[in-house]
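**Q** Input structure: upload_37.txt, which contains compact mmCIF, C-alpha atoms.
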# COMPACT_ATOMS: atom_id res chain seq x y z
CA MET X 482 0.00 0.00 0.00
CA ALA X 483 1.14 3.52 -0.76
CA ARG X 484 1.30 6.33 1.74
CA GLN X 485 2.56 4.29 4.67
CA LEU X 486 2.90 7.42 6.79
CA ALA X 487 1.79 8.33 10.27
CA GLU X 488 -1.05 10.80 9.89
CA LEU X 489 -0.64 14.30 11.19
CA ASN X 490 -2.66 14.02 14.37
CA SER X 491 0.21 11.88 15.66
CA VAL X 492 3.07 14.26 14.90
CA GLY X 493 6.29 12.79 16.23
CA SER X 494 5.23 9.13 16.27
CA SER X 495 6.78 8.39 12.87
CA PRO X 496 10.38 9.03 11.77
CA ARG X 497 9.09 10.87 8.72
CA ALA X 498 6.46 12.96 10.54
CA PRO X 499 8.65 16.07 11.09
CA GLU X 500 9.68 16.07 7.43
CA LEU X 501 6.08 15.62 6.32
CA LEU X 502 4.82 18.39 8.57
CA GLY X 503 7.51 20.73 7.25
CA ILE X 504 6.38 20.09 3.68
CA LEU X 505 2.73 20.68 4.54
CA ARG X 506 3.50 23.87 6.46
CA GLY X 507 5.43 25.18 3.47
CA ARG X 508 2.52 24.45 1.12
CA ARG X 509 0.26 26.86 3.03
CA SER X 510 2.86 29.50 3.81
CA GLY X 511 1.71 33.04 3.10
CA ARG X 512 -1.98 32.15 2.84
CA GLN X 513 -3.79 34.67 5.02
CA ASP X 514 -7.02 32.67 4.77
CA LEU X 515 -5.45 29.59 6.35
CA ALA X 516 -4.04 28.78 9.76
CA GLN X 517 -0.25 28.57 9.76
CA ILE X 518 0.73 25.45 11.67
CA GLU X 519 3.11 25.17 14.60
CA VAL X 520 3.82 22.30 16.98
CA LEU X 521 3.82 22.70 20.75
CA PRO X 522 5.03 19.99 23.12
CA ARG X 523 2.32 18.62 25.37
CA LYS X 524 2.71 19.19 29.10
CA ARG X 525 2.43 15.50 29.90
CA GLY X 526 5.01 14.63 27.25
CA GLY X 527 4.62 11.40 25.35
CA ALA X 528 4.75 10.78 21.64
CA GLY X 529 3.85 13.58 19.29
CA GLY X 530 2.94 17.16 19.94
CA SER X 531 0.00 19.49 19.67
CA LEU X 532 -0.79 21.33 16.45
CA ILE X 533 -1.75 24.99 16.90
CA ALA X 534 -2.43 27.96 14.63
CA ARG X 535 0.60 30.25 14.77
CA GLY X 536 -0.01 33.56 16.49
CA GLU X 537 -3.71 32.83 17.15
CA ILE X 538 -5.75 32.93 20.33
CA VAL X 539 -9.38 31.92 20.73
CA MET X 540 -11.80 33.08 23.39
CA PRO X 541 -15.54 32.85 23.99
CA ALA X 542 -17.43 35.56 22.12
CA ASP X 543 -18.67 37.19 25.32
CA SER X 544 -15.15 37.47 26.76
CA PHE X 545 -14.35 40.16 24.22
CA ALA X 546 -16.94 42.43 25.83
CA SER X 547 -14.76 42.79 28.94
CA PRO X 548 -12.97 46.19 28.92
CA GLU X 549 -9.98 44.65 30.69
CA VAL X 550 -9.60 41.87 28.15
CA ASN X 551 -10.19 44.31 25.29
CA ALA X 552 -7.38 46.48 26.66
CA VAL X 553 -5.01 43.49 26.71
CA VAL X 554 -5.89 42.68 23.09
CA LYS X 555 -5.08 46.21 21.95
CA ALA X 556 -1.93 46.52 24.02
CA ARG X 557 -0.59 43.22 22.76
CA GLY X 558 -1.29 44.00 19.10
CA PHE X 559 -3.77 41.25 18.34
CA ASP X 560 -6.48 41.71 15.70
CA GLN X 561 -9.84 39.97 15.60
CA VAL X 562 -9.90 37.97 12.36
CA ALA X 563 -13.06 35.89 12.69
CA GLU X 564 -16.00 34.88 14.82
CA ARG X 565 -17.21 31.32 14.28
CA GLY X 566 -18.10 28.21 16.21
CA GLY X 567 -18.96 30.26 19.31
CA LEU X 568 -15.42 31.68 19.43
CA ARG X 569 -13.60 34.87 18.56
CA VAL X 570 -10.32 34.26 16.77
CA LEU X 571 -7.50 36.76 17.41
CA ARG X 572 -4.27 36.84 15.41
CA HIS X 573 -0.91 38.54 15.78
CA GLY X 574 1.18 38.27 12.64
CA GLY X 575 4.50 38.27 14.47
CA ALA X 576 3.60 36.57 17.74
CA PHE X 577 5.79 33.69 18.86
CA GLN X 578 4.47 30.93 21.08
CA ALA X 579 5.86 32.55 24.23
CA ARG X 580 4.10 35.86 23.48
CA VAL X 581 0.82 34.06 22.81
CA ARG X 582 1.11 32.16 26.10
CA GLU X 583 1.90 35.37 27.99
CA THR X 584 -1.18 37.02 26.47
CA ILE X 585 -3.39 34.07 27.39
CA ASP X 586 -2.10 34.22 30.97
CA GLU X 587 -2.82 37.94 31.09
CA PHE X 588 -6.36 37.38 29.80
CA ARG X 589 -6.96 34.97 32.63
CA ARG X 590 -5.56 37.30 35.26
CA GLU X 591 -8.05 39.91 34.06
CA GLY X 592 -10.96 37.49 34.46
CA GLY X 593 -11.18 36.46 30.82
CA ALA X 594 -10.44 33.20 29.07
CA GLY X 595 -8.16 32.42 26.17
CA TRP X 596 -6.53 29.40 24.56
CA PHE X 597 -4.07 28.51 21.87
CA HIS X 598 -6.09 27.89 18.71
CA ALA X 599 -5.84 24.11 18.36
CA VAL X 600 -5.65 22.43 14.97
CA GLY X 601 -6.84 18.92 14.22
CA ALA X 602 -6.03 16.46 11.46
CA MET X 603 -7.75 13.52 9.83
CA ALA X 604 -7.58 10.20 11.67
CA ALA X 605 -6.19 8.09 8.80
CA VAL X 606 -2.97 6.11 8.54
CA GLY X 607 -2.63 4.63 5.06
CA LYS X 608 -4.28 4.44 1.67
CA GLY X 609 -3.80 2.73 -1.61
CA THR X 610 -4.83 0.71 -4.59
CA GLY X 611 -3.99 1.34 -8.21
CA GLY X 612 -7.69 1.85 -8.83
CA PRO X 613 -10.72 -0.14 -7.76
CA GLU X 614 -10.14 -3.84 -7.23
CA PRO X 615 -12.60 -6.12 -9.07
CA VAL X 616 -14.59 -6.73 -5.90
CA ASP X 617 -14.93 -3.00 -5.44
CA GLY X 618 -16.85 -2.30 -8.64
CA PRO X 619 -20.54 -1.43 -8.88
CA GLY X 620 -21.40 -5.09 -9.44
CA ALA X 621 -20.20 -5.96 -5.94
CA PHE X 622 -21.30 -2.77 -4.24
CA ALA X 623 -24.34 -1.59 -6.17
CA ALA X 624 -25.44 1.96 -5.45
CA PRO X 625 -28.61 2.29 -3.34
CA THR X 626 -31.75 2.52 -5.47
CA GLY X 627 -33.78 4.88 -3.30
CA ASP X 628 -36.69 2.47 -2.99
CA ARG X 629 -36.94 2.96 0.78
CA GLN X 630 -38.23 5.75 2.92
CA PRO X 631 -35.37 8.17 3.68
CA GLY X 632 -33.46 7.25 6.79
CA PRO X 633 -32.14 9.60 9.48
CA ARG X 634 -29.90 12.50 8.51
CA VAL X 635 -26.23 11.76 9.06
CA ALA X 636 -23.73 14.62 8.95
CA VAL X 637 -20.14 13.91 7.89
CA ILE X 638 -17.86 16.74 9.05
CA ASP X 639 -14.67 16.34 7.07
CA THR X 640 -12.78 17.62 3.99
CA GLY X 641 -15.98 17.97 1.93
CA ILE X 642 -17.04 16.17 -1.24
CA PRO X 643 -16.12 16.84 -4.90
CA ALA X 644 -18.43 19.10 -6.88
CA SER X 645 -18.88 16.53 -9.65
CA ARG X 646 -20.98 13.44 -9.07
CA ARG X 647 -19.80 9.90 -9.67
CA GLY X 648 -20.99 7.92 -12.64
CA ASP X 649 -21.85 4.83 -10.59
CA GLY X 650 -24.56 6.48 -8.49
CA TRP X 651 -22.73 6.35 -5.17
CA LEU X 652 -23.21 9.47 -2.99
CA ASP X 653 -25.38 10.92 -5.75
CA ALA X 654 -27.97 12.28 -3.31
CA VAL X 655 -25.42 14.20 -1.20
CA PRO X 656 -25.99 17.93 -1.80
CA ARG X 657 -23.08 19.97 -3.14
CA ASP X 658 -22.54 23.69 -2.63
CA ALA X 659 -19.68 26.17 -2.46
CA ASP X 660 -19.23 25.53 1.26
CA ASN X 661 -18.76 21.77 1.17
CA VAL X 662 -16.70 21.10 -1.96
CA ASP X 663 -13.43 19.22 -1.51
CA LEU X 664 -11.08 21.08 -3.87
CA LEU X 665 -8.78 18.02 -4.18
CA ASP X 666 -5.85 20.02 -5.61
CA ALA X 667 -5.58 23.35 -3.80
CA PHE X 668 -1.97 23.25 -2.58
CA PRO X 669 0.63 24.60 -2.82
CA CYS X 670 -1.06 27.95 -3.49
CA GLY X 671 -2.88 26.59 -6.51
CA ARG X 672 -2.95 23.42 -8.54
CA ASP X 673 0.13 21.24 -8.99
CA GLY X 674 -1.66 18.42 -10.80
CA PHE X 675 -1.69 16.02 -7.83
CA LEU X 676 -4.20 15.13 -5.15
CA ASP X 677 -3.61 17.02 -1.91
CA PHE X 678 -2.49 15.10 1.16
CA GLN X 679 -5.98 14.29 2.50
CA ALA X 680 -8.02 14.89 -0.66
CA GLY X 681 -10.95 12.51 -0.84
CA HIS X 682 -11.09 11.80 2.89
CA GLY X 683 -14.64 13.12 3.19
CA THR X 684 -15.75 11.12 0.15
CA PHE X 685 -14.28 7.96 1.65
CA VAL X 686 -15.99 8.51 5.03
CA ALA X 687 -19.35 9.33 3.43
CA GLY X 688 -19.09 6.20 1.27
CA ILE X 689 -18.65 4.07 4.39
CA VAL X 690 -21.82 5.53 5.89
CA GLN X 691 -23.70 4.73 2.70
CA ARG X 692 -22.31 1.20 2.52
CA VAL X 693 -23.56 0.49 6.04
CA ALA X 694 -26.80 2.51 5.88
CA PRO X 695 -27.96 2.74 2.24
CA GLY X 696 -31.07 4.66 3.21
CA ALA X 697 -29.35 7.35 5.28
CA ASP X 698 -29.79 11.00 4.32
CA ILE X 699 -26.09 11.91 4.17
CA ARG X 700 -24.94 15.53 4.35
CA VAL X 701 -21.27 16.47 4.09
CA TYR X 702 -19.78 19.56 5.74
CA ARG X 703 -16.29 20.86 5.02
CA ALA X 704 -14.34 21.81 8.14
CA ALA X 705 -10.87 20.68 7.00
CA ASP X 706 -8.91 21.74 3.95
CA SER X 707 -7.73 19.18 1.39
CA ASP X 708 -4.36 18.78 3.14
CA GLY X 709 -6.33 17.64 6.17
CA PHE X 710 -6.05 20.52 8.67
CA ALA X 711 -9.06 21.81 10.61
CA THR X 712 -9.08 24.46 13.34
CA ASP X 713 -11.13 24.13 16.50
CA ALA X 714 -13.30 27.09 15.44
CA ASP X 715 -14.01 25.63 11.99
CA ILE X 716 -14.93 22.20 13.35
CA ALA X 717 -17.17 23.76 15.99
CA ALA X 718 -18.91 25.91 13.39
CA ALA X 719 -19.57 22.87 11.19
CA LEU X 720 -20.93 20.94 14.17
CA ARG X 721 -23.37 23.70 15.05
CA ARG X 722 -24.46 24.10 11.44
CA ALA X 723 -25.02 20.36 10.94
CA TYR X 724 -27.19 20.21 14.04
CA ALA X 725 -29.14 23.32 12.99
CA ASP X 726 -29.70 21.67 9.59
CA GLY X 727 -31.41 18.71 11.23
CA ALA X 728 -28.64 16.11 11.54
CA ARG X 729 -29.24 13.83 14.50
CA ILE X 730 -26.24 11.58 13.88
CA ILE X 731 -22.94 13.43 13.35
CA ASN X 732 -19.63 11.81 12.39
CA LEU X 733 -16.23 13.39 13.05
CA SER X 734 -13.30 11.39 11.64
CA LEU X 735 -10.63 13.70 13.00
CA GLY X 736 -8.72 14.44 16.17
CA ILE X 737 -7.10 17.25 18.13
CA ARG X 738 -4.50 17.08 20.86
CA THR X 739 -4.03 20.22 22.92
CA PRO X 740 -0.87 21.43 24.71
CA ASP X 741 -2.47 21.06 28.17
CA ASP X 742 -4.66 18.05 27.27
CA GLU X 743 -7.76 20.09 28.06
CA PRO X 744 -10.65 20.09 25.57
CA PRO X 745 -10.59 22.67 22.78
CA PRO X 746 -13.14 25.34 23.74
CA GLY X 747 -14.95 25.43 20.38
CA LEU X 748 -15.53 21.70 20.21
CA ALA X 749 -16.45 21.47 23.89
CA GLY X 750 -18.93 24.32 23.56
CA ALA X 751 -20.53 22.95 20.39
CA VAL X 752 -20.96 19.46 21.85
CA ALA X 753 -22.40 20.88 25.09
CA HIS X 754 -24.83 23.06 23.13
CA ILE X 755 -26.04 20.18 20.96
CA HIS X 756 -26.36 17.85 23.93
CA ALA X 757 -28.36 20.37 25.96
CA ASP X 758 -30.57 21.57 23.10
CA SER X 759 -31.47 18.05 21.96
CA GLY X 760 -31.82 16.60 25.45
CA GLY X 761 -28.98 14.21 24.66
CA GLN X 762 -30.85 12.73 21.71
CA THR X 763 -28.37 13.81 19.02
CA VAL X 764 -25.57 11.25 18.67
CA ILE X 765 -22.05 12.51 17.94
CA VAL X 766 -19.62 9.81 16.81
CA ALA X 767 -15.87 10.49 16.63
CA ALA X 768 -12.67 8.67 15.77
CA ALA X 769 -10.71 7.79 18.90
CA GLY X 770 -7.43 8.81 17.22
CA ASN X 771 -4.36 7.01 15.93
CA PHE X 772 -1.83 7.67 18.69
CA GLY X 773 -1.67 4.17 20.17
CA ASP X 774 -2.15 5.45 23.73
CA GLU X 775 -4.80 6.56 26.22
CA ASP X 776 -4.07 10.29 26.22
CA PRO X 777 -6.97 12.61 25.37
CA CYS X 778 -7.84 13.07 21.71
CA TRP X 779 -10.69 15.47 21.06
CA PRO X 780 -13.61 15.34 20.35
CA GLY X 781 -13.53 11.58 21.01
CA SER X 782 -12.57 12.14 24.65
CA LEU X 783 -15.42 14.58 25.32
CA ALA X 784 -18.28 13.43 27.53
CA GLY X 785 -21.33 12.79 25.39
CA VAL X 786 -19.31 11.75 22.31
CA GLU X 787 -19.23 8.13 21.15
CA ALA X 788 -15.52 7.40 20.62
CA VAL X 789 -14.64 4.63 18.17
CA ALA X 790 -11.30 2.80 18.25
CA GLY X 791 -9.76 0.63 15.53
CA LEU X 792 -9.45 -3.15 15.19
CA THR X 793 -7.61 -5.45 12.82
CA ALA X 794 -9.52 -7.64 10.40
CA GLU X 795 -9.27 -10.39 13.06
CA LEU X 796 -11.00 -8.14 15.64
CA GLN X 797 -7.81 -7.55 17.59
CA PRO X 798 -6.88 -4.04 18.81
CA SER X 799 -4.91 -2.11 16.20
CA ARG X 800 -1.53 -1.22 17.69
CA TRP X 801 -1.78 2.38 16.45
CA SER X 802 -5.33 3.03 17.70
CA SER X 803 -6.00 5.38 20.58
CA HIS X 804 -8.01 3.69 23.32
CA GLY X 805 -9.17 4.09 26.91
CA ASP X 806 -12.09 3.82 29.26
CA HIS X 807 -13.93 6.57 27.35
CA VAL X 808 -14.09 4.46 24.15
CA ARG X 809 -17.55 2.96 23.65
CA PHE X 810 -17.13 1.15 20.32
CA SER X 811 -14.47 -0.29 18.08
CA ALA X 812 -14.68 -1.58 14.52
CA VAL X 813 -12.38 -2.95 11.84
CA ALA X 814 -10.18 -0.07 10.72
CA GLU X 815 -7.47 -1.68 8.58
CA GLY X 816 -7.91 -2.10 4.83
CA ILE X 817 -11.43 -0.66 4.59
CA ARG X 818 -12.92 -0.23 1.10
CA SER X 819 -14.90 2.84 0.14
CA THR X 820 -15.55 5.45 -2.52
CA PHE X 821 -12.63 7.65 -3.52
CA VAL X 822 -11.85 10.48 -5.93
CA PRO X 823 -10.08 10.56 -9.31
CA GLY X 824 -6.55 11.84 -9.57
CA ASN X 825 -2.87 11.09 -9.08
CA GLU X 826 -1.11 10.86 -5.74
CA SER X 827 1.86 13.18 -5.28
CA PRO X 828 5.37 11.72 -5.22
CA VAL X 829 6.10 14.28 -2.50
CA PHE X 830 3.95 12.29 -0.07
CA ASP X 831 3.84 8.82 -1.56
CA ARG X 832 6.94 6.78 -2.23
CA GLU X 833 4.84 4.66 -4.58
CA PRO X 834 2.26 7.14 -5.92
CA GLU X 835 -0.85 5.67 -7.44
CA SER X 836 -3.52 6.89 -9.83
CA PHE X 837 -7.26 6.68 -9.26
CA PRO X 838 -9.79 6.67 -12.13
CA GLU X 839 -13.26 8.13 -12.26
CA ASP X 840 -15.64 6.34 -9.86
CA ALA X 841 -12.64 5.04 -7.93
CA TRP X 842 -12.77 2.81 -4.89
CA ALA X 843 -9.79 2.59 -2.56
CA LEU X 844 -8.40 1.00 0.58
CA TRP X 845 -7.60 3.13 3.61
CA SER X 846 -6.89 2.52 7.29
CA GLY X 847 -7.44 4.48 10.49
CA THR X 848 -10.00 5.20 13.17
CA SER X 849 -11.34 7.70 10.62
CA PHE X 850 -12.95 4.69 8.95
CA ALA X 851 -14.09 2.85 12.06
CA ALA X 852 -16.19 5.80 13.25
CA PRO X 853 -18.49 6.07 10.18
CA GLN X 854 -19.23 2.36 10.42
CA ILE X 855 -20.72 3.00 13.85
CA ALA X 856 -22.53 6.13 12.63
CA GLY X 857 -23.93 4.12 9.73
CA ALA X 858 -24.95 1.22 11.96
CA ILE X 859 -26.84 3.58 14.24
CA ALA X 860 -28.59 5.13 11.24
CA ARG X 861 -29.54 1.70 9.91
CA ILE X 862 -30.98 0.59 13.26
CA CYS X 863 -32.96 3.84 13.40
CA GLN X 864 -34.49 3.14 10.00
CA GLU X 865 -35.10 -0.58 10.27
CA LEU X 866 -36.39 -0.62 13.86
CA GLU X 867 -37.97 2.83 13.75
CA MET X 868 -36.25 4.10 16.85
CA PRO X 869 -34.49 7.41 17.66
CA PRO X 870 -30.68 7.66 17.41
CA ARG X 871 -29.96 7.62 21.13
CA GLU X 872 -32.00 4.46 21.65
CA ALA X 873 -30.37 2.90 18.58
CA THR X 874 -26.90 3.73 19.95
CA ASP X 875 -27.65 2.12 23.28
CA LEU X 876 -29.00 -0.97 21.51
CA LEU X 877 -25.82 -1.22 19.40
CA ALA X 878 -23.72 -0.94 22.57
CA GLU X 879 -25.33 -4.17 23.80
CA ARG X 880 -23.82 -6.02 20.84
CA GLY X 881 -20.27 -6.94 19.98
CA LEU X 882 -17.34 -8.22 21.97
CA ALA X 883 -16.21 -6.44 25.13
CA ILE X 884 -12.55 -5.50 24.68
CA SER X 885 -10.67 -3.75 27.49
CA LYS X 886 -10.08 -0.07 26.60
CA PHE X 887 -11.74 -0.62 23.19
CA GLY X 888 -15.40 -0.68 24.21
CA ARG X 889 -17.65 -3.03 22.27
CA GLY X 890 -15.77 -4.44 19.30
CA MET X 891 -17.66 -5.48 16.19
CA ARG X 892 -17.19 -6.37 12.56
CA ILE X 893 -19.47 -4.20 10.42
CA LEU X 894 -17.33 -3.99 7.27
CA GLU X 895 -14.63 -6.47 6.37
CA GLY X 896 -11.03 -5.31 6.29
CA VAL X 897 -8.43 -6.54 3.84
CA ARG X 898 -6.11 -8.91 5.66
Represent the supplied structure as structure tokens.
**A**
Amino acid sequence: MARQLAELNSVGSSPRAPELLGILRGRRSGRQDLAQIEVLPRKRGGAGGSLIARGEIVMPADSFASPEVNAVVKARGFDQVAERGGLRVLRHGGAFQARVRETIDEFRREGGAGWFHAVGAMAAVGKGTGGPEPVDGPGAFAAPTGDRQPGPRVAVIDTGIPASRRGDGWLDAVPRDADNVDLLDAFPCGRDGFLDFQAGHGTFVAGIVQRVAPGADIRVYRAADSDGFATDADIAAALRRAYADGARIINLSLGIRTPDDEPPPGLAGAVAHIHADSGGQTVIVAAAGNFGDEDPCWPGSLAGVEAVAGLTAELQPSRWSSHGDHVRFSAVAEGIRSTFVPGNESPVFDREPESFPEDAWALWSGTSFAAPQIAGAIARICQELEMPPREATDLLAERGLAISKFGRGMRILEGVR
């Protein structure tokens, strides 16, 4: 398989991760519309670091109303650049990490609240085929025919979905608009003729949901760019929008680690809002992460989120999967087949780059692809047994094999051994 690289939400766990991160940071350099990525060590140490947006601070929207906090912002030279996901985003073009930390500490002394602006990445570890294998064609996985009543709405918050529809009918009913299109080839600063590092991730995740729950009403929201980076504010904004649009099952195949291992404020606020507003009836499913340890990975570690860990095709814990007592489910996460996008992999990232045709299917591994199996299974139970998502989730949790630190393990889709 090509792209045998540690994914970026485990920076430091692979010998090539620093080199890879350097390449990706360079590809977005100078783009004022994108977060510039830095790595901070985590206080508890351990493998990897925490990705943050350089020179950025986030705070709750109402904190900015404080005259004392406002005075700190002006004195320190920060500008407000956005308000989204329940947060205000402040940026200082020349601020180093130490200056940002000092400003955050000063906010807190003045009774306000501020955090480094955390950045997440997709929870995937490897991809590859030279195109769809014979078993992966429409004859083996025929597109749903739409002869059932629509199932529950499932939101996939990810890299988006290509503007053009596939010729085989898969994902045909997913709406496309300017806000959810996966650009596929947007870096560096324009097209280079190759698929970006995480291009097609959202398509792959959505295809898994449709494989498991053919009748689901799937909606895709773009929170991450096509290299796979997503800020806390952008993910939180997508979460709130998906819920407002009527999604009652929400899938997040991504992860954030913060410098202090405390939850990112945008994600925590969005999950709390959805939980309170829906009386706990909206189900949020998230990848547990690919760090191979029990340290917090958000949003999977948040209370009220159904964290999903990864298993091998033999239903054994994947060595690279995050795990812990907070994990409720696990599913096969190695060698999963799903819909992909056309294009050529870049030799910058892939030592053995491959090409994907129109209507491609591919293999990919990671907790990114365990989570949508659980989201899809919940949606299918909702439709077939006519029960609400929370009840369906609790019913699913009664199934499967109890695995220490991996919740209830189950085989929903087969993995390639």
**Q** Any idea what's packed within 9 Å of stretch 791-803 of chain X, counting all atoms listed in the file, ignoring anything in its chain fewer than 3 positions away? Could you give it as a PDB file with C-alpha atoms, in the frame of the given file?
**A**
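Dumped everything to part.pdb:
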ATOM      1  CA  VAL X 606      -2.970   6.110   8.540  1.00  0.00           C
ATOM      2  CA  ALA X 768     -12.670   8.670  15.770  1.00  0.00           C
ATOM      3  CA  ALA X 769     -10.710   7.790  18.900  1.00  0.00           C
ATOM      4  CA  GLY X 770      -7.430   8.810  17.220  1.00  0.00           C
ATOM      5  CA  ASN X 771      -4.360   7.010  15.930  1.00  0.00           C
ATOM      6  CA  PHE X 772      -1.830   7.670  18.690  1.00  0.00           C
ATOM      7  CA  GLY X 773      -1.670   4.170  20.170  1.00  0.00           C
ATOM      8  CA  ASP X 774      -2.150   5.450  23.730  1.00  0.00           C
ATOM      9  CA  GLU X 775      -4.800   6.560  26.220  1.00  0.00           C
ATOM     10  CA  ASP X 776      -4.070  10.290  26.220  1.00  0.00           C
ATOM     11  CA  PRO X 777      -6.970  12.610  25.370  1.00  0.00           C
ATOM     12  CA  CYS X 778      -7.840  13.070  21.710  1.00  0.00           C
ATOM     13  CA  VAL X 808     -14.090   4.460  24.150  1.00  0.00           C
ATOM     14  CA  PHE X 810     -17.130   1.150  20.320  1.00  0.00           C
ATOM     15  CA  SER X 811     -14.470  -0.290  18.080  1.00  0.00           C
ATOM     16  CA  ALA X 812     -14.680  -1.580  14.520  1.00  0.00           C
ATOM     17  CA  VAL X 813     -12.380  -2.950  11.840  1.00  0.00           C
ATOM     18  CA  ALA X 814     -10.180  -0.070  10.720  1.00  0.00           C
ATOM     19  CA  GLU X 815      -7.470  -1.680   8.580  1.00  0.00           C
ATOM     20  CA  GLY X 816      -7.910  -2.100   4.830  1.00  0.00           C
ATOM     21  CA  SER X 846      -6.890   2.520   7.290  1.00  0.00           C
ATOM     22  CA  GLY X 847      -7.440   4.480  10.490  1.00  0.00           C
ATOM     23  CA  THR X 848     -10.000   5.200  13.170  1.00  0.00           C
ATOM     24  CA  SER X 849     -11.340   7.700  10.620  1.00  0.00           C
ATOM     25  CA  PHE X 850     -12.950   4.690   8.950  1.00  0.00           C
ATOM     26  CA  ALA X 851     -14.090   2.850  12.060  1.00  0.00           C
ATOM     27  CA  ALA X 852     -16.190   5.800  13.250  1.00  0.00           C
ATOM     28  CA  LEU X 882     -17.340  -8.220  21.970  1.00  0.00           C
ATOM     29  CA  ILE X 884     -12.550  -5.500  24.680  1.00  0.00           C
ATOM     30  CA  PHE X 887     -11.740  -0.620  23.190  1.00  0.00           C
ATOM     31  CA  GLY X 890     -15.770  -4.440  19.300  1.00  0.00           C
ATOM     32  CA  MET X 891     -17.660  -5.480  16.190  1.00  0.00           C
ATOM     33  CA  ARG X 892     -17.190  -6.370  12.560  1.00  0.00           C
ATOM     34  CA  GLU X 895     -14.630  -6.470   6.370  1.00  0.00           C
ATOM     35  CA  GLY X 896     -11.030  -5.310   6.290  1.00  0.00           C
ATOM     36  CA  VAL X 897      -8.430  -6.540   3.840  1.00  0.00           C
ATOM     37  CA  ARG X 898      -6.110  -8.910   5.660  1.00  0.00           C
TER      38      ARG X 898
END
**Q** Compile the contact shell of X:Phe577 as number ranges by chain: residues with an atom at most 10 Å away, counting all atoms listed in the file, same-chain residues fewer than 4 positions apart removed.
**A** X: 519, 535-537, 573, 581-582
**Q** Find the residues with any atom within 12 Å of (4.3, 27.8, -0.3); use all atoms listed in the file and the coordinates as given in the file, and write the answer as a list of chain:residue names.
**A** X:Gly503, X:Ile504, X:Leu505, X:Arg506, X:Gly507, X:Arg508, X:Arg509, X:Ser510, X:Gly511, X:Arg512, X:Gln513, X:Leu515, X:Gln517, X:Ala667, X:Phe668, X:Pro669, X:Cys670, X:Gly671, X:Arg672, X:Asp673
**Q** Could you list, as a short mmCIF file (atom, residue, chain, number, x, y, z; two decimals) with C-alpha atoms, in the frame of the given file, every residue within 9 Å of stretch 705-721 of chain X, counting all atoms listed in the file and ignoring same-chain residues fewer than 4 positions away?
**A**
data_model
loop_
_atom_site.label_atom_id
_atom_site.label_comp_id
_atom_site.auth_asym_id
_atom_site.auth_seq_id
_atom_site.Cartn_x
_atom_site.Cartn_y
_atom_site.Cartn_z
CA LEU X 489 -0.64 14.30 11.19
CA LEU X 505 2.73 20.68 4.54
CA LEU X 515 -5.45 29.59 6.35
CA ALA X 516 -4.04 28.78 9.76
CA ILE X 518 0.73 25.45 11.67
CA ILE X 533 -1.75 24.99 16.90
CA ALA X 534 -2.43 27.96 14.63
CA VAL X 539 -9.38 31.92 20.73
CA GLU X 564 -16.00 34.88 14.82
CA ARG X 565 -17.21 31.32 14.28
CA GLY X 566 -18.10 28.21 16.21
CA GLY X 567 -18.96 30.26 19.31
CA LEU X 568 -15.42 31.68 19.43
CA ARG X 569 -13.60 34.87 18.56
CA VAL X 570 -10.32 34.26 16.77
CA HIS X 598 -6.09 27.89 18.71
CA ALA X 599 -5.84 24.11 18.36
CA VAL X 600 -5.65 22.43 14.97
CA GLY X 601 -6.84 18.92 14.22
CA ALA X 602 -6.03 16.46 11.46
CA MET X 603 -7.75 13.52 9.83
CA ALA X 636 -23.73 14.62 8.95
CA ILE X 638 -17.86 16.74 9.05
CA ASP X 639 -14.67 16.34 7.07
CA THR X 640 -12.78 17.62 3.99
CA GLY X 641 -15.98 17.97 1.93
CA ASP X 663 -13.43 19.22 -1.51
CA LEU X 664 -11.08 21.08 -3.87
CA LEU X 665 -8.78 18.02 -4.18
CA ASP X 666 -5.85 20.02 -5.61
CA ALA X 667 -5.58 23.35 -3.80
CA PHE X 668 -1.97 23.25 -2.58
CA LEU X 676 -4.20 15.13 -5.15
CA ASP X 677 -3.61 17.02 -1.91
CA PHE X 678 -2.49 15.10 1.16
CA GLN X 679 -5.98 14.29 2.50
CA ALA X 680 -8.02 14.89 -0.66
CA GLY X 681 -10.95 12.51 -0.84
CA HIS X 682 -11.09 11.80 2.89
CA ALA X 725 -29.14 23.32 12.99
CA ASP X 726 -29.70 21.67 9.59
CA ILE X 731 -22.94 13.43 13.35
CA LEU X 733 -16.23 13.39 13.05
CA LEU X 735 -10.63 13.70 13.00
CA ILE X 737 -7.10 17.25 18.13
CA PRO X 745 -10.59 22.67 22.78
CA PRO X 746 -13.14 25.34 23.74
CA GLY X 747 -14.95 25.43 20.38
CA LEU X 748 -15.53 21.70 20.21
CA ALA X 749 -16.45 21.47 23.89
CA GLY X 750 -18.93 24.32 23.56
CA ALA X 751 -20.53 22.95 20.39
CA VAL X 752 -20.96 19.46 21.85
CA HIS X 754 -24.83 23.06 23.13
CA ILE X 755 -26.04 20.18 20.96
#
**Q** Work out how far apart atom CA of X:Asn551 and atom CA of X:Ala576 are and give it in Å to one decimal.
**A**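 A separation of 17.5 Å between them.
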**Q** Report as a short mmCIF file (atom, residue, chain, number, x, y, z; two decimals) with C-alpha atoms, in the frame of the given file all protein, DNA and RNA residues lying within 7 Å of X:Ala697, evaluated on only C-alpha atoms, omitting residues in the same chain fewer than 5 positions from it.
**A**
data_model
loop_
_atom_site.label_atom_id
_atom_site.label_comp_id
_atom_site.auth_asym_id
_atom_site.auth_seq_id
_atom_site.Cartn_x
_atom_site.Cartn_y
_atom_site.Cartn_z
CA PRO X 631 -35.37 8.17 3.68
CA GLY X 632 -33.46 7.25 6.79
CA PRO X 633 -32.14 9.60 9.48
CA ARG X 634 -29.90 12.50 8.51
CA VAL X 635 -26.23 11.76 9.06
CA GLN X 691 -23.70 4.73 2.70
CA ALA X 860 -28.59 5.13 11.24
#
